[in-house]
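Take a look at the structure set out below.
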Amino acid sequence: MTQPTPSDVHVNRPLTNISVAFIQDASHFIARRVFQAISVKKQSDQYFTYDRSYFQRAEMKKRAPGTESAGGGYGVGTANYFCDVWALHKDVADPTRKNEDTPLNSDRDSTLWLTEQRMLRMEKEFVTNYMAPSVWDTDVTGVAGSPSGAQVKQWNDATSTPIEDMRAYRTAVHKATGMRPNVFTIGQEVWDQLADHPDIIDRIKYSGGVSNNTPAKASKEAVAALMELDEILVAGGVENTAAEGQPHSGDFIVGKTGLLTYRPRTPGLMTPAAGYVMEWNSYTESSLGQTVFKFRMEHLKSDRIEIEAAFDMHKVSGALGVYFASLVA
């Protein structure tokens, strides 16, 4: 054997220009995009609500000479919010920091991990509370056979009509509220089927936006335009549901469901919305609704890196949302 051998002249050590961490793309998380964020100064408070029935009832009447005008008014109520405080920390022990190899950086890596944990928590809270049946005024179910009542044919079926379905339910909400829903949130598995739906591909192909030698591609922007929506949000966040030490069990946080909502372009007074995220930013002292701290834990000979967030994802109007279950098989 030729001496020295390769193992004699090289000791394996970590590469300094690459490491592998499963940090998810922030765009896969949709909670703060379905409900717009509102900065609040107090952990709990009230906000005013207006009864839409007063604003959509035609009260104006003809006025005869010398007579008073017709009188009327509108109802005002209040609703409450409460921002729960969520927190998590990761301790970095002195021996760990002193002994780590490049490119490891415990402070940076812990901050990335904590930030992802915050996104996971917020997404799970949103899905559990708002992408679920019996939350909104209208629930729709996808079925494999012929739909009836509050049902649509599942969109993995080539004979289904997703564009017409969306128009029908947007019009139903518009008719009931005066607001036309403009944001559609779906799980990744729903988007995978929708993007290949023959009706959508045909409409894109013949809309003049695709040349003869370019394959038709159903982007989220193109499908949103076909459905006359401002935005389609595809929730691609993944959660490992297995306990620590058990085999990894990954699944989408948002399943084969959808949520059609009205989201104003700019939040404001007397501005209706399906919901808002109330963020207690005067507490977290951050416009992102979260703060990451680093402080010394001398008794542990460690530095603690901690993330804290204070928010309340709050449904404002159940009439401005439509929940879709089982949109694809």
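By convention in this document, the chains of the structure tokens carry letters A, B, ... by their order, each chain's residues are numbered from 1, and ligands are numbered from 1 in the order they are shown.
Proximity to segment 152-159 of chain A at 9 Å, evaluated using only C-alpha atoms and with sequence-adjacent residues fewer than 6 positions away removed, yields Val140, Thr141, Gly142, Val143, Ala144, Gly145, Ser146, Asp165, Val190, Gln193, Leu194, Asp196, His197, Pro198, Asp199, Ser326, Leu327, Val328 and Ala329 of chain A.
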Please extract the residues of segment 104-230 of chain A with a backbone DSSP assignment of strand (DSSP E) and present them as a PyMOL selection string. chain A and resi 138-143+151-153+183-187
Between A:Thr78, A:Tyr276, A:Lys217, A:Gln246, which is the closest to Gln46 of chain A once you count only C-alpha atoms?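 Ranking A:Thr78, A:Tyr276, A:Lys217, A:Gln246 by distance to Gln46 of chain A, first place goes to A:Thr78.
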Can you list, as a short mmCIF file (atom, residue, chain, number, x, y, z; two decimals) with N, CA and C atoms, in the first residue's frame, every protein, DNA or RNA residue that comes within 12 Å of segment 234-236 of chain A when you count only C-alpha atoms, leaving out same-chain residues fewer than 4 positions away?
```cif
data_model
loop_
_atom_site.label_atom_id
_atom_site.label_comp_id
_atom_site.auth_asym_id
_atom_site.auth_seq_id
_atom_site.Cartn_x
_atom_site.Cartn_y
_atom_site.Cartn_z
N GLN A 24 -37.61 26.61 7.33
CA GLN A 24 -38.62 26.75 6.30
C GLN A 24 -38.70 28.18 5.78
N ASP A 25 -39.10 28.30 4.53
CA ASP A 25 -39.30 29.60 3.91
C ASP A 25 -40.44 30.32 4.63
N ALA A 26 -40.19 31.55 5.05
CA ALA A 26 -41.21 32.31 5.78
C ALA A 26 -42.48 32.51 4.97
N SER A 27 -42.38 32.48 3.62
CA SER A 27 -43.56 32.67 2.78
C SER A 27 -44.55 31.52 2.89
N HIS A 28 -44.12 30.39 3.46
CA HIS A 28 -45.02 29.25 3.63
C HIS A 28 -46.01 29.46 4.78
N PHE A 29 -45.75 30.46 5.61
CA PHE A 29 -46.60 30.71 6.77
C PHE A 29 -47.51 31.91 6.48
N ILE A 30 -48.81 31.73 6.70
CA ILE A 30 -49.78 32.69 6.16
C ILE A 30 -50.59 33.43 7.22
N ALA A 31 -50.42 33.11 8.51
CA ALA A 31 -51.31 33.66 9.54
C ALA A 31 -51.35 35.18 9.54
N ARG A 32 -50.19 35.84 9.43
CA ARG A 32 -50.15 37.30 9.46
C ARG A 32 -50.45 37.92 8.11
N ARG A 33 -50.78 37.11 7.10
CA ARG A 33 -51.11 37.63 5.79
C ARG A 33 -52.61 37.49 5.50
N VAL A 34 -53.26 36.52 6.11
CA VAL A 34 -54.72 36.41 6.00
C VAL A 34 -55.36 37.50 6.85
N LEU A 120 -44.28 28.69 13.66
CA LEU A 120 -45.06 27.45 13.79
C LEU A 120 -46.23 27.63 14.76
N GLU A 123 -48.95 29.88 13.25
CA GLU A 123 -49.66 29.18 12.18
C GLU A 123 -50.63 28.16 12.76
N LYS A 124 -50.17 27.41 13.75
CA LYS A 124 -51.05 26.40 14.36
C LYS A 124 -52.24 27.05 15.05
N PHE A 126 -53.66 29.86 14.21
CA PHE A 126 -54.57 30.34 13.18
C PHE A 126 -55.37 29.19 12.58
N VAL A 127 -54.69 28.11 12.24
CA VAL A 127 -55.37 26.98 11.60
C VAL A 127 -56.38 26.34 12.55
N MET A 131 -59.22 28.08 10.44
CA MET A 131 -59.40 27.22 9.26
C MET A 131 -60.04 25.93 9.74
N VAL A 183 -59.34 37.41 -0.85
CA VAL A 183 -58.16 36.59 -0.54
C VAL A 183 -58.61 35.15 -0.33
N PHE A 184 -57.89 34.23 -0.96
CA PHE A 184 -58.20 32.81 -0.84
C PHE A 184 -56.95 32.09 -0.33
N THR A 185 -57.08 31.43 0.82
CA THR A 185 -55.98 30.72 1.45
C THR A 185 -56.22 29.22 1.33
N ILE A 186 -55.24 28.50 0.81
CA ILE A 186 -55.40 27.06 0.61
C ILE A 186 -54.12 26.33 1.03
N GLY A 187 -54.29 25.04 1.31
CA GLY A 187 -53.15 24.20 1.61
C GLY A 187 -52.38 23.86 0.34
N GLN A 188 -51.14 23.44 0.52
CA GLN A 188 -50.28 23.11 -0.62
C GLN A 188 -50.89 22.02 -1.50
N GLU A 189 -51.52 21.03 -0.89
CA GLU A 189 -52.10 19.93 -1.67
C GLU A 189 -53.27 20.39 -2.51
N VAL A 190 -53.98 21.40 -2.05
CA VAL A 190 -55.06 21.97 -2.87
C VAL A 190 -54.46 22.72 -4.06
N TRP A 191 -53.42 23.50 -3.78
CA TRP A 191 -52.79 24.26 -4.87
C TRP A 191 -52.21 23.32 -5.93
N ASP A 192 -51.61 22.21 -5.51
CA ASP A 192 -51.03 21.27 -6.47
C ASP A 192 -52.06 20.79 -7.47
N LEU A 194 -55.06 22.43 -8.06
CA LEU A 194 -55.63 23.60 -8.74
C LEU A 194 -54.74 24.07 -9.88
N ALA A 195 -53.43 24.05 -9.66
CA ALA A 195 -52.50 24.54 -10.67
C ALA A 195 -52.51 23.70 -11.94
N SER A 219 -49.46 30.28 -12.37
CA SER A 219 -48.89 30.92 -11.20
C SER A 219 -50.02 31.33 -10.26
N LYS A 220 -49.66 31.59 -9.01
CA LYS A 220 -50.68 32.04 -8.06
C LYS A 220 -51.29 33.37 -8.50
N GLU A 221 -50.47 34.23 -9.09
CA GLU A 221 -50.96 35.52 -9.55
C GLU A 221 -51.95 35.34 -10.70
N VAL A 223 -53.81 32.64 -11.42
CA VAL A 223 -55.06 32.01 -10.95
C VAL A 223 -55.87 33.00 -10.13
N ALA A 224 -55.20 33.82 -9.33
CA ALA A 224 -55.92 34.86 -8.59
C ALA A 224 -56.64 35.80 -9.54
N GLY A 250 -43.61 14.28 9.50
CA GLY A 250 -43.93 15.61 8.97
C GLY A 250 -45.25 15.64 8.24
N ASP A 251 -45.96 16.73 8.38
CA ASP A 251 -47.22 16.91 7.66
C ASP A 251 -47.48 18.40 7.53
N PHE A 252 -48.30 18.75 6.53
CA PHE A 252 -48.68 20.14 6.35
C PHE A 252 -49.55 20.61 7.51
N ILE A 253 -49.32 21.83 7.95
CA ILE A 253 -50.16 22.40 9.01
C ILE A 253 -51.56 22.68 8.47
N VAL A 254 -51.63 23.19 7.24
CA VAL A 254 -52.91 23.39 6.57
C VAL A 254 -53.11 22.22 5.61
N GLY A 255 -54.20 21.51 5.78
CA GLY A 255 -54.46 20.34 4.95
C GLY A 255 -55.17 20.68 3.66
N LYS A 256 -56.10 19.84 3.28
CA LYS A 256 -56.78 19.97 1.98
C LYS A 256 -58.00 20.89 2.11
N THR A 257 -57.76 22.05 2.67
CA THR A 257 -58.84 22.98 2.99
C THR A 257 -58.57 24.34 2.37
N GLY A 258 -59.56 25.22 2.50
CA GLY A 258 -59.42 26.58 1.99
C GLY A 258 -60.23 27.55 2.82
N LEU A 259 -59.84 28.81 2.76
CA LEU A 259 -60.56 29.87 3.48
C LEU A 259 -60.63 31.10 2.59
#
```
A:Glu116, A:Asp94, A:Asp45, A:Asp139: which is nearest Tyr169 of chain A, counting only C-alpha atoms?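 Nearest candidate to Tyr169 of chain A out of A:Glu116, A:Asp94, A:Asp45, A:Asp139: A:Asp139.
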Run DSSP on the backbone and give me the residues of segment 39-99 of chain A it puts in helix (DSSP H, G or I), as a list in words.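 These are the residues in question: Arg52, Ser53, Tyr54, Phe55, Asp94, Pro95, Thr96, Arg97, Lys98 and Asn99 of chain A.
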For the residues in that selection, give me all heavy atoms as a PDB file, in the first residue's frame.
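Below is the file out_17.pdb, written as the result:
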```pdb
ATOM      1  N   ARG A  52     -73.918  46.201  10.452  1.00  0.00           N
ATOM      2  CA  ARG A  52     -73.979  46.443   9.007  1.00  0.00           C
ATOM      3  C   ARG A  52     -75.398  46.626   8.494  1.00  0.00           C
ATOM      4  O   ARG A  52     -75.620  47.262   7.477  1.00  0.00           O
ATOM      5  CB  ARG A  52     -73.287  45.320   8.243  1.00  0.00           C
ATOM      6  CG  ARG A  52     -74.030  43.995   8.200  1.00  0.00           C
ATOM      7  CD  ARG A  52     -73.310  42.997   7.303  1.00  0.00           C
ATOM      8  NE  ARG A  52     -74.046  41.768   7.110  1.00  0.00           N
ATOM      9  CZ  ARG A  52     -73.920  40.689   7.872  1.00  0.00           C
ATOM     10  NH1 ARG A  52     -73.089  40.702   8.882  1.00  0.00           N
ATOM     11  NH2 ARG A  52     -74.633  39.603   7.626  1.00  0.00           N
ATOM     12  N   SER A  53     -76.382  46.091   9.224  1.00  0.00           N
ATOM     13  CA  SER A  53     -77.758  46.196   8.748  1.00  0.00           C
ATOM     14  C   SER A  53     -78.216  47.647   8.654  1.00  0.00           C
ATOM     15  O   SER A  53     -78.997  48.014   7.764  1.00  0.00           O
ATOM     16  CB  SER A  53     -78.702  45.407   9.668  1.00  0.00           C
ATOM     17  OG  SER A  53     -78.699  45.954  10.978  1.00  0.00           O
ATOM     18  N   TYR A  54     -77.725  48.505   9.546  1.00  0.00           N
ATOM     19  CA  TYR A  54     -78.110  49.917   9.516  1.00  0.00           C
ATOM     20  C   TYR A  54     -77.524  50.617   8.287  1.00  0.00           C
ATOM     21  O   TYR A  54     -78.150  51.506   7.703  1.00  0.00           O
ATOM     22  CB  TYR A  54     -77.626  50.633  10.782  1.00  0.00           C
ATOM     23  CG  TYR A  54     -78.397  50.264  12.028  1.00  0.00           C
ATOM     24  CD1 TYR A  54     -77.956  49.233  12.854  1.00  0.00           C
ATOM     25  CD2 TYR A  54     -79.560  50.946  12.389  1.00  0.00           C
ATOM     26  CE1 TYR A  54     -78.649  48.892  13.995  1.00  0.00           C
ATOM     27  CE2 TYR A  54     -80.258  50.613  13.531  1.00  0.00           C
ATOM     28  CZ  TYR A  54     -79.808  49.580  14.336  1.00  0.00           C
ATOM     29  OH  TYR A  54     -80.501  49.248  15.475  1.00  0.00           O
ATOM     30  N   PHE A  55     -76.327  50.216   7.911  1.00  0.00           N
ATOM     31  CA  PHE A  55     -75.648  50.882   6.801  1.00  0.00           C
ATOM     32  C   PHE A  55     -76.175  50.410   5.441  1.00  0.00           C
ATOM     33  O   PHE A  55     -75.992  51.092   4.437  1.00  0.00           O
ATOM     34  CB  PHE A  55     -74.132  50.634   6.881  1.00  0.00           C
ATOM     35  CG  PHE A  55     -73.473  51.442   7.956  1.00  0.00           C
ATOM     36  CD1 PHE A  55     -73.446  50.986   9.267  1.00  0.00           C
ATOM     37  CD2 PHE A  55     -72.889  52.659   7.674  1.00  0.00           C
ATOM     38  CE1 PHE A  55     -72.846  51.727  10.265  1.00  0.00           C
ATOM     39  CE2 PHE A  55     -72.282  53.414   8.668  1.00  0.00           C
ATOM     40  CZ  PHE A  55     -72.261  52.946   9.970  1.00  0.00           C
ATOM     41  N   ASP A  94     -21.603  27.744  28.200  1.00  0.00           N
ATOM     42  CA  ASP A  94     -20.269  28.254  27.894  1.00  0.00           C
ATOM     43  C   ASP A  94     -19.373  27.203  27.235  1.00  0.00           C
ATOM     44  O   ASP A  94     -18.697  27.504  26.243  1.00  0.00           O
ATOM     45  CB  ASP A  94     -19.599  28.768  29.172  1.00  0.00           C
ATOM     46  CG  ASP A  94     -20.270  30.030  29.710  1.00  0.00           C
ATOM     47  OD1 ASP A  94     -21.098  30.617  28.975  1.00  0.00           O
ATOM     48  OD2 ASP A  94     -19.971  30.422  30.852  1.00  0.00           O
ATOM     49  N   PRO A  95     -19.315  25.952  27.744  1.00  0.00           N
ATOM     50  CA  PRO A  95     -18.462  24.953  27.080  1.00  0.00           C
ATOM     51  C   PRO A  95     -18.880  24.690  25.633  1.00  0.00           C
ATOM     52  O   PRO A  95     -18.024  24.452  24.776  1.00  0.00           O
ATOM     53  CB  PRO A  95     -18.646  23.700  27.948  1.00  0.00           C
ATOM     54  CG  PRO A  95     -19.051  24.213  29.278  1.00  0.00           C
ATOM     55  CD  PRO A  95     -19.893  25.421  28.982  1.00  0.00           C
ATOM     56  N   THR A  96     -20.192  24.741  25.370  1.00  0.00           N
ATOM     57  CA  THR A  96     -20.673  24.524  24.000  1.00  0.00           C
ATOM     58  C   THR A  96     -20.163  25.614  23.076  1.00  0.00           C
ATOM     59  O   THR A  96     -19.655  25.342  21.984  1.00  0.00           O
ATOM     60  CB  THR A  96     -22.208  24.482  23.974  1.00  0.00           C
ATOM     61  OG1 THR A  96     -22.666  23.409  24.812  1.00  0.00           O
ATOM     62  CG2 THR A  96     -22.718  24.276  22.562  1.00  0.00           C
ATOM     63  N   ARG A  97     -20.307  26.865  23.523  1.00  0.00           N
ATOM     64  CA  ARG A  97     -19.872  27.975  22.673  1.00  0.00           C
ATOM     65  C   ARG A  97     -18.353  27.937  22.451  1.00  0.00           C
ATOM     66  O   ARG A  97     -17.864  28.161  21.346  1.00  0.00           O
ATOM     67  CB  ARG A  97     -20.280  29.310  23.292  1.00  0.00           C
ATOM     68  CG  ARG A  97     -19.768  30.510  22.488  1.00  0.00           C
ATOM     69  CD  ARG A  97     -20.177  31.846  23.059  1.00  0.00           C
ATOM     70  NE  ARG A  97     -21.573  32.154  22.761  1.00  0.00           N
ATOM     71  CZ  ARG A  97     -22.551  32.142  23.653  1.00  0.00           C
ATOM     72  NH1 ARG A  97     -22.289  31.828  24.911  1.00  0.00           N
ATOM     73  NH2 ARG A  97     -23.773  32.440  23.316  1.00  0.00           N
ATOM     74  N   LYS A  98     -17.589  27.639  23.497  1.00  0.00           N
ATOM     75  CA  LYS A  98     -16.137  27.636  23.388  1.00  0.00           C
ATOM     76  C   LYS A  98     -15.627  26.496  22.504  1.00  0.00           C
ATOM     77  O   LYS A  98     -14.552  26.588  21.910  1.00  0.00           O
ATOM     78  CB  LYS A  98     -15.513  27.517  24.782  1.00  0.00           C
ATOM     79  CG  LYS A  98     -15.761  28.709  25.692  1.00  0.00           C
ATOM     80  CD  LYS A  98     -15.032  29.954  25.206  1.00  0.00           C
ATOM     81  CE  LYS A  98     -15.177  31.091  26.205  1.00  0.00           C
ATOM     82  NZ  LYS A  98     -14.497  32.327  25.730  1.00  0.00           N
ATOM     83  N   ASN A  99     -16.410  25.435  22.422  1.00  0.00           N
ATOM     84  CA  ASN A  99     -15.937  24.229  21.742  1.00  0.00           C
ATOM     85  C   ASN A  99     -16.486  24.073  20.326  1.00  0.00           C
ATOM     86  O   ASN A  99     -16.063  23.170  19.602  1.00  0.00           O
ATOM     87  CB  ASN A  99     -16.320  22.994  22.576  1.00  0.00           C
ATOM     88  CG  ASN A  99     -15.442  21.799  22.282  1.00  0.00           C
ATOM     89  OD1 ASN A  99     -14.226  21.926  22.177  1.00  0.00           O
ATOM     90  ND2 ASN A  99     -16.060  20.631  22.132  1.00  0.00           N
TER      91      ASN A  99
END
```
Please measure the separation of atom CA of Asp202 of chain A and atom CA of Arg167 of chain A, giving the value in Å to one decimal. 17.9 Å
I'd like the neighbourhood of Val322 of chain A as a PyMOL selection string, where a residue qualifies if any of its atoms comes within 7 Å (using only C-alpha atoms), though same-chain residues fewer than 5 positions away should be ignored. chain A and resi 136-139+259-261
Have a look at A:Glu298, A:Asp303, A:Glu285, A:Glu228 and name the one nearest to Met166 of chain A; count only C-alpha atoms.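 Checking each candidate against Met166 of chain A, we get A:Glu228 as the closest.
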